[in-house]
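**Q** Below is a structure I'd like to ask you about.
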Amino acid sequence: MDVFVSGMGIVSPLGIGLEANFEQLSKEATGISKLQLIDSVHKDKVFVGEVKHSDEELMDRLALKNSYSNPSRTWILALTAANEALAQAKIQEKDKKQYRIGIVSSSTVGGLRNTEKSYDGFIKGQNTIDFISEHSVADSTEKLAIELGIKDYHTTINTACSSSSNAIILGARLIKSNMLDIVLVGGADTLSKYTINGFNSLLLLDPGHCKPFDEGRKGINLGEGAGYLVLESEKSMKERKVTPKALLSGYGITNDAYHLSATSPEGNGIQAAMKIALNMGGLIPEKIDYINAHGTGTANNDLTEGMAMKQVFNDQLPSFNSTKSFTGHTLAAAGAINLIHGAIAMENNMVFANLNFKNPIPQHNLRPESKTVKSKNIHHVLSNAIGMGGFCSSIIISES
Amino acid sequence: MKLYIKNSACISSLGIQQNENSFELETISQEDPKKRYVIEPDYKEFLSFNVIRRSARYVKVGLFTALKCMQNIEHTLGGIIVGTGVGSFSYTEKFLDEMNAKNEEKLSPNLFLQSMNSLLSGYISILTKCTGYNLTYVNRGISFESALLDAQAQFLEDRSRYLLVGAADEITDNYVDIVHKTGYLNSSEKNTLPALGEGAAFMLLSAEGRKGDIGIAAIRLFFEATPEDINTGIEEVLEEANCTYRDVDLLLTTREIQQFLTVGEKISCLFYKDYIGEYPTATSFAVWLAEKIVATKHVPEIFGKRFGTKKEFRNILIVNQYKKNASILLVSK
């Protein structure tokens, strides 16, 4: 059974919505700048991909049906993107009654941004702020279900930086196994003092702008955002008279089973994930026109993911880039944002620039597109995600 | 699609004595009866010194249970699916404390890594050398059930797989304190604070079974369910399994849920959470317990003599509610 993408929605450091993201990507305008909205010693110093709106500004745009006590920024971003995806897929109230609709969401940060503000004072008896309800990564999924009135099934995945890719894949599998007809899938994460300090302690933050696939890369820029897609079967799409945006033609999930915080030298896990995805789509590697790589900008990822791509594509790589040079690494949201950027590229027949690339990594000598490529025919896009803990996922979308 | 339980392992706040034919549990006294901490095993049996020293309890009990479940198993593992409601709260606290104490400078990367919800399932893949499917669900009271549902979908795709599916959760003194002070888990009716618990249970699942093999025969999940929804759900589950409430030998649930179930007075009820405390993945303990009861035809004596030993236990129903989530599971022979 085929699974289609009937709607997409995005919030990223490039802006709110598909249009804003396309505009910035095609202008080669990065969303990365110095940290503004978090009270931290790293404020005005560390380079991040921040969504440049306060919680209040974002909330004002939402016109909520219900009221919520301490909404997390994760949820605010998630709902903003989910609304766009559902609108594009033309999901009506009557569809929510007629079809089995679910939500598979993902996050790694959840409500930590609230927790880190209140925890210390709470423990010391200085405040009584209830942060524990929002702390769980499940909370934003649950609130999506409530606000959107989608209550047949929802669940939340956390596989670190591949979370939303896995949410997309699970959604597709739930449709294929006839458990659901339509499913909202994706992920959201916000910047937090916690994750900035966490990645800093791992020595994984680039002090300047991140440089994916460049020989002189120094690490990631953390980012925030949300990406959601509406997946559905051909049957419900025909009945609802909507046109698909793309076909989800293949996917693969593996685990590298090598090391908790590093991938194997040949990128065995992501190699296998790409091969499984190609196989499922009945595609030979030559059919892939463009790869939106995970490309975080760390020494380990860009070396090993490159080795894996080289192996899978027999040294004949199609155009590839990492749009993390525009958004930073949005953690759980990264896989969905990647795939949506890939879909925007396919729709506009463009490959966006891999910003800040100068020299290839000597071990694999791969060159991403360092300038925007216009009028390139793109029929199939492959998108990777790799998470700490060895979680590897690869997804292929095709013109429908 | 029945999920056959080929092997299982569990760590809880109860002592477990188990051999081929007998199976007993014992209550271990806790410093504070509101906090039911697990009885930690001798981790050295399966874990290296480094893992024992550097990992959160959530990770250690999860890893230990997963590896114990895979001990002497020769089947190739096709995938690992883990559910956790809270994940590693202890290391989240440690990293937060360090961040505040050291003013965001020179922090320990291990504390950050160990605080990741997904660390456990990634770790299991390394220690079992399983490069297949691997996922962590973090969805409050249906985290373990989400993993089971995923396993069902996996078997629809490929019946020949063996999947290691399980759950782990931990509490800390501060976590219990926060939950109690905020009333996070207060029962709406009585405004009572439950004792909180923790634990881990893993099972090796397969879609292939013979007549008489024990497995999870039905899974139903609910969000914001009314008592009616749950009662209808039970009817559907029993119908699907071709049986009536008379065929159900035991109902594993809570006193609160029993009160609104139409079968609540008709089936003999065991309130297991009175013994292990409340936690988001407590149903993983219930499934483990149910499988053991069916296999040994015996209910451990700590639950009361009234259950006794029956000639046979065929069907055990598990009905759970955790905040807005509810689930029904049927373990049967």
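Chain labels follow the order of the structure tokens: the first chain is A, the next B, and so on; residue numbering restarts at 1 in every chain, and ligands are counted from 1 in their shown order.
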Please report as a PyMOL selection string which residues of chain B come no farther than 7 Å from chain A, using only C-alpha atoms.

**A** chain B and resi 86+96+104+106-109+112+117-119+122-123+125-126+129-140+146+153+156+182+184+223

**Q** Identify, on the basis of only C-alpha atoms, every residue whose closest approach to Asn7 (chain B) does not exceed 6 Å; exclude the query and any residue fewer than 2 positions from it along the same chain; express the result as a PyMOL selection string.

**A** chain B and resi 5+203-204

**Q** Given the selection you just returned, output its residues as a file containing C-alpha atoms, formatted as a PDB file, in the first residue's frame.

**A**
ATOM      1  CA  ILE B   5       6.064 -14.283  25.100  1.00  0.00           C
ATOM      2  CA  MET B 203       9.996  -9.794  27.047  1.00  0.00           C
ATOM      3  CA  LEU B 204      11.137 -11.569  23.936  1.00  0.00           C
TER       4      LEU B 204
END

**Q** Please give the complete set of residues from region 158-189 of chain B that DSSP, run on the backbone, assigns to alpha helix (DSSP H), formatted as a ChimeraX atom specification.

**A** /B:173-182

**Q** Only all heavy atoms, please: the residues just picked out, written as a compact mmCIF listing (two decimals), in the first residue's frame.

**A**
# COMPACT_ATOMS: atom_id res chain seq x y z
N ASP B 173 13.95 10.75 45.08
CA ASP B 173 13.29 11.42 46.21
C ASP B 173 12.67 12.73 45.77
O ASP B 173 11.54 13.05 46.12
CB ASP B 173 14.31 11.68 47.34
CG ASP B 173 14.63 10.39 48.11
OD1 ASP B 173 13.96 9.37 47.85
OD2 ASP B 173 15.53 10.43 48.95
N ASN B 174 13.43 13.50 44.98
CA ASN B 174 12.90 14.79 44.51
C ASN B 174 11.70 14.61 43.59
O ASN B 174 10.74 15.38 43.65
CB ASN B 174 13.98 15.59 43.77
CG ASN B 174 14.92 16.30 44.75
OD1 ASN B 174 14.55 16.54 45.90
ND2 ASN B 174 16.11 16.62 44.28
N TYR B 175 11.77 13.61 42.73
CA TYR B 175 10.66 13.38 41.80
C TYR B 175 9.37 13.11 42.58
O TYR B 175 8.32 13.68 42.31
CB TYR B 175 10.97 12.21 40.86
CG TYR B 175 9.84 11.91 39.89
CD1 TYR B 175 9.61 12.73 38.79
CD2 TYR B 175 8.98 10.83 40.10
CE1 TYR B 175 8.56 12.48 37.92
CE2 TYR B 175 7.93 10.57 39.23
CZ TYR B 175 7.73 11.39 38.13
OH TYR B 175 6.69 11.15 37.28
N VAL B 176 9.48 12.24 43.58
CA VAL B 176 8.30 11.91 44.39
C VAL B 176 7.78 13.17 45.10
O VAL B 176 6.58 13.44 45.13
CB VAL B 176 8.64 10.81 45.42
CG1 VAL B 176 7.47 10.54 46.36
CG2 VAL B 176 9.05 9.52 44.69
N ASP B 177 8.73 13.95 45.61
CA ASP B 177 8.38 15.19 46.30
C ASP B 177 7.64 16.15 45.35
O ASP B 177 6.60 16.72 45.70
CB ASP B 177 9.70 15.81 46.78
CG ASP B 177 9.47 16.91 47.79
OD1 ASP B 177 8.58 16.72 48.63
OD2 ASP B 177 10.16 17.94 47.72
N ILE B 178 8.17 16.29 44.14
CA ILE B 178 7.56 17.20 43.15
C ILE B 178 6.16 16.70 42.78
O ILE B 178 5.19 17.47 42.75
CB ILE B 178 8.44 17.29 41.87
CG1 ILE B 178 9.79 17.94 42.19
CG2 ILE B 178 7.72 18.10 40.78
CD1 ILE B 178 10.85 17.73 41.11
N VAL B 179 6.06 15.41 42.54
CA VAL B 179 4.76 14.83 42.15
C VAL B 179 3.73 15.03 43.26
O VAL B 179 2.59 15.41 43.01
CB VAL B 179 4.92 13.33 41.79
CG1 VAL B 179 3.58 12.62 41.72
CG2 VAL B 179 5.66 13.18 40.46
N HIS B 180 4.15 14.81 44.49
CA HIS B 180 3.21 14.96 45.60
C HIS B 180 2.82 16.41 45.83
O HIS B 180 1.66 16.73 46.01
CB HIS B 180 3.79 14.33 46.87
CG HIS B 180 3.69 12.83 46.84
ND1 HIS B 180 4.16 12.04 47.85
CD2 HIS B 180 3.20 11.98 45.92
CE1 HIS B 180 3.94 10.75 47.56
NE2 HIS B 180 3.37 10.71 46.38
N LYS B 181 3.80 17.31 45.78
CA LYS B 181 3.50 18.73 46.04
C LYS B 181 2.64 19.35 44.95
O LYS B 181 1.82 20.23 45.21
CB LYS B 181 4.80 19.52 46.19
CG LYS B 181 5.39 19.40 47.58
CD LYS B 181 6.57 20.36 47.76
CE LYS B 181 7.21 20.16 49.12
NZ LYS B 181 8.66 20.40 49.08
N THR B 182 2.83 18.91 43.70
CA THR B 182 2.05 19.50 42.61
C THR B 182 0.72 18.77 42.41
O THR B 182 -0.12 19.22 41.64
CB THR B 182 2.81 19.45 41.28
OG1 THR B 182 3.21 18.09 41.04
CG2 THR B 182 4.05 20.33 41.29

**Q** Hey, what's within 12 Å of region 263-266 of chain B if we count only C-alpha atoms and toss same-chain stuff fewer than 6 positions away? As a list in words, please?

**A**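 Those residues are Pro227, Ile230, Asn231, Thr232, Gly233, Ile234, Glu235, Leu238, Thr244, Tyr245, Arg246, Asp247, Val248, Asp249, Leu250, Leu251, Leu252, Thr253, Thr254, Arg255, Glu256, Ile257, Leu317, Ile318 and Val319 of chain B.
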
**Q** Those residues with N, CA and C atoms, as a PDB file, in the first residue's frame please?

**A**
ATOM      1  N   PRO B 227     -15.677   5.761  31.750  1.00  0.00           N
ATOM      2  CA  PRO B 227     -15.875   4.383  32.202  1.00  0.00           C
ATOM      3  C   PRO B 227     -16.591   3.531  31.147  1.00  0.00           C
ATOM      4  N   ILE B 230     -14.225   2.241  28.510  1.00  0.00           N
ATOM      5  CA  ILE B 230     -13.394   1.123  28.986  1.00  0.00           C
ATOM      6  C   ILE B 230     -14.230  -0.156  29.089  1.00  0.00           C
ATOM      7  N   ASN B 231     -15.453  -0.034  29.580  1.00  0.00           N
ATOM      8  CA  ASN B 231     -16.322  -1.215  29.650  1.00  0.00           C
ATOM      9  C   ASN B 231     -16.604  -1.795  28.267  1.00  0.00           C
ATOM     10  N   THR B 232     -16.872  -0.899  27.296  1.00  0.00           N
ATOM     11  CA  THR B 232     -17.081  -1.368  25.917  1.00  0.00           C
ATOM     12  C   THR B 232     -15.815  -2.018  25.382  1.00  0.00           C
ATOM     13  N   GLY B 233     -14.677  -1.398  25.708  1.00  0.00           N
ATOM     14  CA  GLY B 233     -13.392  -1.938  25.273  1.00  0.00           C
ATOM     15  C   GLY B 233     -13.176  -3.356  25.783  1.00  0.00           C
ATOM     16  N   ILE B 234     -13.530  -3.591  27.042  1.00  0.00           N
ATOM     17  CA  ILE B 234     -13.370  -4.934  27.617  1.00  0.00           C
ATOM     18  C   ILE B 234     -14.257  -5.940  26.868  1.00  0.00           C
ATOM     19  N   GLU B 235     -15.493  -5.519  26.591  1.00  0.00           N
ATOM     20  CA  GLU B 235     -16.390  -6.404  25.822  1.00  0.00           C
ATOM     21  C   GLU B 235     -15.774  -6.775  24.474  1.00  0.00           C
ATOM     22  N   LEU B 238     -12.794  -9.198  24.850  1.00  0.00           N
ATOM     23  CA  LEU B 238     -13.220 -10.569  25.150  1.00  0.00           C
ATOM     24  C   LEU B 238     -13.824 -11.230  23.916  1.00  0.00           C
ATOM     25  N   THR B 244     -15.835 -15.014  27.253  1.00  0.00           N
ATOM     26  CA  THR B 244     -16.663 -14.107  28.048  1.00  0.00           C
ATOM     27  C   THR B 244     -15.941 -13.862  29.367  1.00  0.00           C
ATOM     28  N   TYR B 245     -16.526 -13.001  30.221  1.00  0.00           N
ATOM     29  CA  TYR B 245     -15.862 -12.702  31.496  1.00  0.00           C
ATOM     30  C   TYR B 245     -15.694 -13.965  32.348  1.00  0.00           C
ATOM     31  N   ARG B 246     -16.535 -14.955  32.100  1.00  0.00           N
ATOM     32  CA  ARG B 246     -16.429 -16.205  32.880  1.00  0.00           C
ATOM     33  C   ARG B 246     -15.118 -16.946  32.596  1.00  0.00           C
ATOM     34  N   ASP B 247     -14.565 -16.686  31.408  1.00  0.00           N
ATOM     35  CA  ASP B 247     -13.302 -17.343  31.057  1.00  0.00           C
ATOM     36  C   ASP B 247     -12.085 -16.592  31.599  1.00  0.00           C
ATOM     37  N   VAL B 248     -12.332 -15.407  32.173  1.00  0.00           N
ATOM     38  CA  VAL B 248     -11.200 -14.630  32.693  1.00  0.00           C
ATOM     39  C   VAL B 248     -10.944 -15.039  34.139  1.00  0.00           C
ATOM     40  N   ASP B 249      -9.752 -15.525  34.400  1.00  0.00           N
ATOM     41  CA  ASP B 249      -9.433 -16.065  35.716  1.00  0.00           C
ATOM     42  C   ASP B 249      -9.023 -14.996  36.707  1.00  0.00           C
ATOM     43  N   LEU B 250      -8.530 -13.883  36.188  1.00  0.00           N
ATOM     44  CA  LEU B 250      -7.984 -12.871  37.090  1.00  0.00           C
ATOM     45  C   LEU B 250      -7.988 -11.520  36.390  1.00  0.00           C
ATOM     46  N   LEU B 251      -8.259 -10.480  37.173  1.00  0.00           N
ATOM     47  CA  LEU B 251      -8.224  -9.122  36.639  1.00  0.00           C
ATOM     48  C   LEU B 251      -7.155  -8.350  37.408  1.00  0.00           C
ATOM     49  N   LEU B 252      -6.114  -7.916  36.709  1.00  0.00           N
ATOM     50  CA  LEU B 252      -5.062  -7.113  37.340  1.00  0.00           C
ATOM     51  C   LEU B 252      -5.402  -5.652  37.114  1.00  0.00           C
ATOM     52  N   THR B 253      -5.723  -4.946  38.179  1.00  0.00           N
ATOM     53  CA  THR B 253      -6.149  -3.560  38.011  1.00  0.00           C
ATOM     54  C   THR B 253      -5.985  -2.807  39.330  1.00  0.00           C
ATOM     55  N   THR B 254      -6.675  -1.695  39.467  1.00  0.00           N
ATOM     56  CA  THR B 254      -6.645  -0.946  40.733  1.00  0.00           C
ATOM     57  C   THR B 254      -8.052  -0.912  41.323  1.00  0.00           C
ATOM     58  N   ARG B 255      -8.112  -0.632  42.612  1.00  0.00           N
ATOM     59  CA  ARG B 255      -9.390  -0.555  43.310  1.00  0.00           C
ATOM     60  C   ARG B 255     -10.305   0.484  42.655  1.00  0.00           C
ATOM     61  N   GLU B 256      -9.711   1.621  42.282  1.00  0.00           N
ATOM     62  CA  GLU B 256     -10.487   2.706  41.673  1.00  0.00           C
ATOM     63  C   GLU B 256     -11.133   2.277  40.361  1.00  0.00           C
ATOM     64  N   ILE B 257     -10.355   1.576  39.538  1.00  0.00           N
ATOM     65  CA  ILE B 257     -10.883   1.143  38.239  1.00  0.00           C
ATOM     66  C   ILE B 257     -11.960   0.079  38.444  1.00  0.00           C
ATOM     67  N   LEU B 317      -6.832 -10.534  32.518  1.00  0.00           N
ATOM     68  CA  LEU B 317      -7.128  -9.226  31.947  1.00  0.00           C
ATOM     69  C   LEU B 317      -6.396  -8.154  32.760  1.00  0.00           C
ATOM     70  N   ILE B 318      -5.804  -7.186  32.055  1.00  0.00           N
ATOM     71  CA  ILE B 318      -5.117  -6.079  32.731  1.00  0.00           C
ATOM     72  C   ILE B 318      -5.801  -4.785  32.303  1.00  0.00           C
ATOM     73  N   VAL B 319      -6.325  -4.044  33.260  1.00  0.00           N
ATOM     74  CA  VAL B 319      -6.970  -2.764  32.922  1.00  0.00           C
ATOM     75  C   VAL B 319      -6.262  -1.675  33.715  1.00  0.00           C
TER      76      VAL B 319
END

**Q** Would you mind listing what lies within 10 Å of Tyr58 (chain B) as a list of chain:residue names, with only C-alpha atoms counted and same-chain residues fewer than 5 positions away left out?

**A**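 Contacts, in chain order: B:Leu63, B:Thr84, B:Val86, B:Gly87, B:Ser88, B:Phe89, B:Ser90, B:Tyr91, B:Gln114, B:Ser115, B:Asn117, B:Leu119, B:Leu120, B:Ala167, B:Ala168, B:Asp169, B:Glu170, B:Ile171, B:Glu198, B:Gly199, B:Ala200.
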
**Q** May I have the residues from that selection written out with N, CA, C and O atoms, as a PDB file, in the first residue's frame?

**A**
ATOM      1  N   LEU B  63      18.816  -2.278  31.340  1.00  0.00           N
ATOM      2  CA  LEU B  63      19.832  -3.095  30.663  1.00  0.00           C
ATOM      3  C   LEU B  63      19.897  -4.495  31.259  1.00  0.00           C
ATOM      4  O   LEU B  63      19.919  -5.502  30.548  1.00  0.00           O
ATOM      5  N   THR B  84       9.286   4.139  28.078  1.00  0.00           N
ATOM      6  CA  THR B  84       9.558   4.713  29.392  1.00  0.00           C
ATOM      7  C   THR B  84       8.678   5.936  29.586  1.00  0.00           C
ATOM      8  O   THR B  84       8.469   6.708  28.654  1.00  0.00           O
ATOM      9  N   VAL B  86       9.064   8.265  32.239  1.00  0.00           N
ATOM     10  CA  VAL B  86       9.809   9.391  32.792  1.00  0.00           C
ATOM     11  C   VAL B  86      11.247   9.419  32.297  1.00  0.00           C
ATOM     12  O   VAL B  86      11.863  10.469  32.200  1.00  0.00           O
ATOM     13  N   GLY B  87      11.805   8.261  31.979  1.00  0.00           N
ATOM     14  CA  GLY B  87      13.201   8.211  31.548  1.00  0.00           C
ATOM     15  C   GLY B  87      14.115   8.450  32.731  1.00  0.00           C
ATOM     16  O   GLY B  87      13.790   8.115  33.865  1.00  0.00           O
ATOM     17  N   SER B  88      15.241   9.052  32.441  1.00  0.00           N
ATOM     18  CA  SER B  88      16.254   9.201  33.477  1.00  0.00           C
ATOM     19  C   SER B  88      16.076  10.520  34.214  1.00  0.00           C
ATOM     20  O   SER B  88      16.723  11.511  33.907  1.00  0.00           O
ATOM     21  N   PHE B  89      15.211  10.531  35.203  1.00  0.00           N
ATOM     22  CA  PHE B  89      15.016  11.774  35.960  1.00  0.00           C
ATOM     23  C   PHE B  89      16.217  12.061  36.857  1.00  0.00           C
ATOM     24  O   PHE B  89      16.593  13.214  37.066  1.00  0.00           O
ATOM     25  N   SER B  90      16.848  10.995  37.357  1.00  0.00           N
ATOM     26  CA  SER B  90      17.956  11.197  38.302  1.00  0.00           C
ATOM     27  C   SER B  90      19.100  11.975  37.657  1.00  0.00           C
ATOM     28  O   SER B  90      19.658  12.893  38.254  1.00  0.00           O
ATOM     29  N   TYR B  91      19.438  11.613  36.421  1.00  0.00           N
ATOM     30  CA  TYR B  91      20.554  12.305  35.770  1.00  0.00           C
ATOM     31  C   TYR B  91      20.136  13.657  35.214  1.00  0.00           C
ATOM     32  O   TYR B  91      20.975  14.544  35.058  1.00  0.00           O
ATOM     33  N   GLN B 114      23.662  10.524  30.037  1.00  0.00           N
ATOM     34  CA  GLN B 114      22.872   9.582  30.834  1.00  0.00           C
ATOM     35  C   GLN B 114      21.457  10.086  31.092  1.00  0.00           C
ATOM     36  O   GLN B 114      20.603   9.346  31.543  1.00  0.00           O
ATOM     37  N   SER B 115      21.222  11.356  30.842  1.00  0.00           N
ATOM     38  CA  SER B 115      19.877  11.887  31.094  1.00  0.00           C
ATOM     39  C   SER B 115      18.974  11.728  29.872  1.00  0.00           C
ATOM     40  O   SER B 115      17.809  12.083  29.908  1.00  0.00           O
ATOM     41  N   ASN B 117      16.442  10.157  27.383  1.00  0.00           N
ATOM     42  CA  ASN B 117      15.392   9.121  27.456  1.00  0.00           C
ATOM     43  C   ASN B 117      15.743   7.897  26.630  1.00  0.00           C
ATOM     44  O   ASN B 117      15.397   6.778  26.974  1.00  0.00           O
ATOM     45  N   LEU B 119      18.613   6.620  25.783  1.00  0.00           N
ATOM     46  CA  LEU B 119      19.904   5.959  25.990  1.00  0.00           C
ATOM     47  C   LEU B 119      19.763   4.453  26.163  1.00  0.00           C
ATOM     48  O   LEU B 119      20.545   3.668  25.640  1.00  0.00           O
ATOM     49  N   LEU B 120      18.724   4.039  26.906  1.00  0.00           N
ATOM     50  CA  LEU B 120      18.565   2.624  27.226  1.00  0.00           C
ATOM     51  C   LEU B 120      18.430   1.758  25.974  1.00  0.00           C
ATOM     52  O   LEU B 120      19.140   0.763  25.826  1.00  0.00           O
ATOM     53  N   ALA B 167      10.094  -2.189  29.150  1.00  0.00           N
ATOM     54  CA  ALA B 167       9.903  -0.856  29.704  1.00  0.00           C
ATOM     55  C   ALA B 167      10.736  -0.701  30.958  1.00  0.00           C
ATOM     56  O   ALA B 167      11.067  -1.687  31.631  1.00  0.00           O
ATOM     57  N   ALA B 168      11.078   0.540  31.263  1.00  0.00           N
ATOM     58  CA  ALA B 168      11.785   0.840  32.511  1.00  0.00           C
ATOM     59  C   ALA B 168      11.427   2.246  32.960  1.00  0.00           C
ATOM     60  O   ALA B 168      11.221   3.136  32.134  1.00  0.00           O
ATOM     61  N   ASP B 169      11.319   2.417  34.251  1.00  0.00           N
ATOM     62  CA  ASP B 169      11.094   3.743  34.832  1.00  0.00           C
ATOM     63  C   ASP B 169      11.777   3.827  36.182  1.00  0.00           C
ATOM     64  O   ASP B 169      11.989   2.804  36.835  1.00  0.00           O
ATOM     65  N   GLU B 170      12.136   5.044  36.562  1.00  0.00           N
ATOM     66  CA  GLU B 170      12.759   5.225  37.875  1.00  0.00           C
ATOM     67  C   GLU B 170      12.117   6.398  38.594  1.00  0.00           C
ATOM     68  O   GLU B 170      11.496   7.266  37.967  1.00  0.00           O
ATOM     69  N   ILE B 171      12.233   6.403  39.920  1.00  0.00           N
ATOM     70  CA  ILE B 171      11.832   7.574  40.704  1.00  0.00           C
ATOM     71  C   ILE B 171      13.053   8.074  41.473  1.00  0.00           C
ATOM     72  O   ILE B 171      14.049   7.355  41.601  1.00  0.00           O
ATOM     73  N   GLU B 198       8.825   2.068  40.796  1.00  0.00           N
ATOM     74  CA  GLU B 198       9.687   2.017  39.625  1.00  0.00           C
ATOM     75  C   GLU B 198       9.941   0.560  39.296  1.00  0.00           C
ATOM     76  O   GLU B 198       9.631  -0.333  40.097  1.00  0.00           O
ATOM     77  N   GLY B 199      10.521   0.322  38.136  1.00  0.00           N
ATOM     78  CA  GLY B 199      10.806  -1.056  37.782  1.00  0.00           C
ATOM     79  C   GLY B 199      11.144  -1.199  36.322  1.00  0.00           C
ATOM     80  O   GLY B 199      11.137  -0.227  35.556  1.00  0.00           O
ATOM     81  N   ALA B 200      11.452  -2.442  35.929  1.00  0.00           N
ATOM     82  CA  ALA B 200      11.742  -2.749  34.534  1.00  0.00           C
ATOM     83  C   ALA B 200      11.243  -4.147  34.228  1.00  0.00           C
ATOM     84  O   ALA B 200      11.286  -5.033  35.085  1.00  0.00           O
TER      85      ALA B 200
END

**Q** For each of B:Thr172, B:Phe285, B:Ile142, B:Leu196, take the minimum atom-to-atom distance to Lys324 (chain B), counting only C-alpha atoms, then give the residue where this is smallest.

**A** B:Ile142

**Q** Mind checking which residues fall within 7 Å of Arg100 (chain A), counting only C-alpha atoms, ignoring those fewer than 5 positions away in the same chain, and posting them as an NGL selection string?

**A** :A and (152 or 180-182)

**Q** Quick one: of A:Asn338, A:Ser67, A:Gln92, A:Ser325, who's nearest to Ile150 (chain A), counting only C-alpha atoms?

**A**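 Of A:Asn338, A:Ser67, A:Gln92, A:Ser325, the one nearest Ile150 (chain A), counting only C-alpha atoms, is A:Gln92.
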
**Q** What is the distance, in Å and to one decimal place, between CA of Leu330 (chain B) and CA of Ile80 (chain B)?

**A**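 Separation of CA of Leu330 (chain B) and CA of Ile80 (chain B): 21.9 Å.
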
**Q** Could you give me, as a ChimeraX atom specification, the residues within 7 Å of region 230-245 of chain A, counting only C-alpha atoms and dropping anything in the same chain fewer than 4 positions from it?

**A** /A:2-8,85-86,89,172,175,181-185,400

**Q** Need the shell around region 19-25 of chain A: protein/DNA/RNA residues with any atom at most 9 Å away, counting only C-alpha atoms. Skip same-chain ones fewer than 5 positions apart. Format as an NGL selection string?

**A** :A and (10-14 or 30-31 or 323 or 326 or 341 or 344-345 or 348 or 352-353 or 372)

**Q** From a DSSP pass on the backbone, collect the residues of region 103-342 of chain A flagged as strand (DSSP E or B) and hand them back as a ChimeraX atom specification.

**A** /A:103-106,153-157,159,161,182-189,205,220,222-223,225-233,246-255,290-292,319-321,329

**Q** Between B:Ser268, B:Ser284, B:Asn315, B:Gln71, which residue has the minimum interatomic distance to Gly215 (chain B), considering only C-alpha atoms?

**A**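 Nearest to Gly215 (chain B): B:Asn315.
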
**Q** Which value, in Å to one decimal, gives the distance between CA of Ala9 (chain B) and CA of Gln154 (chain B)?

**A**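 Interatomic distance here is 21.7 Å.
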
**Q** Given only C-alpha atoms as the basis, pick out the residue of A:Ser69, A:Thr190, A:Ser383, A:Ser398 nearest to Met274 (chain A).

**A** A:Ser383
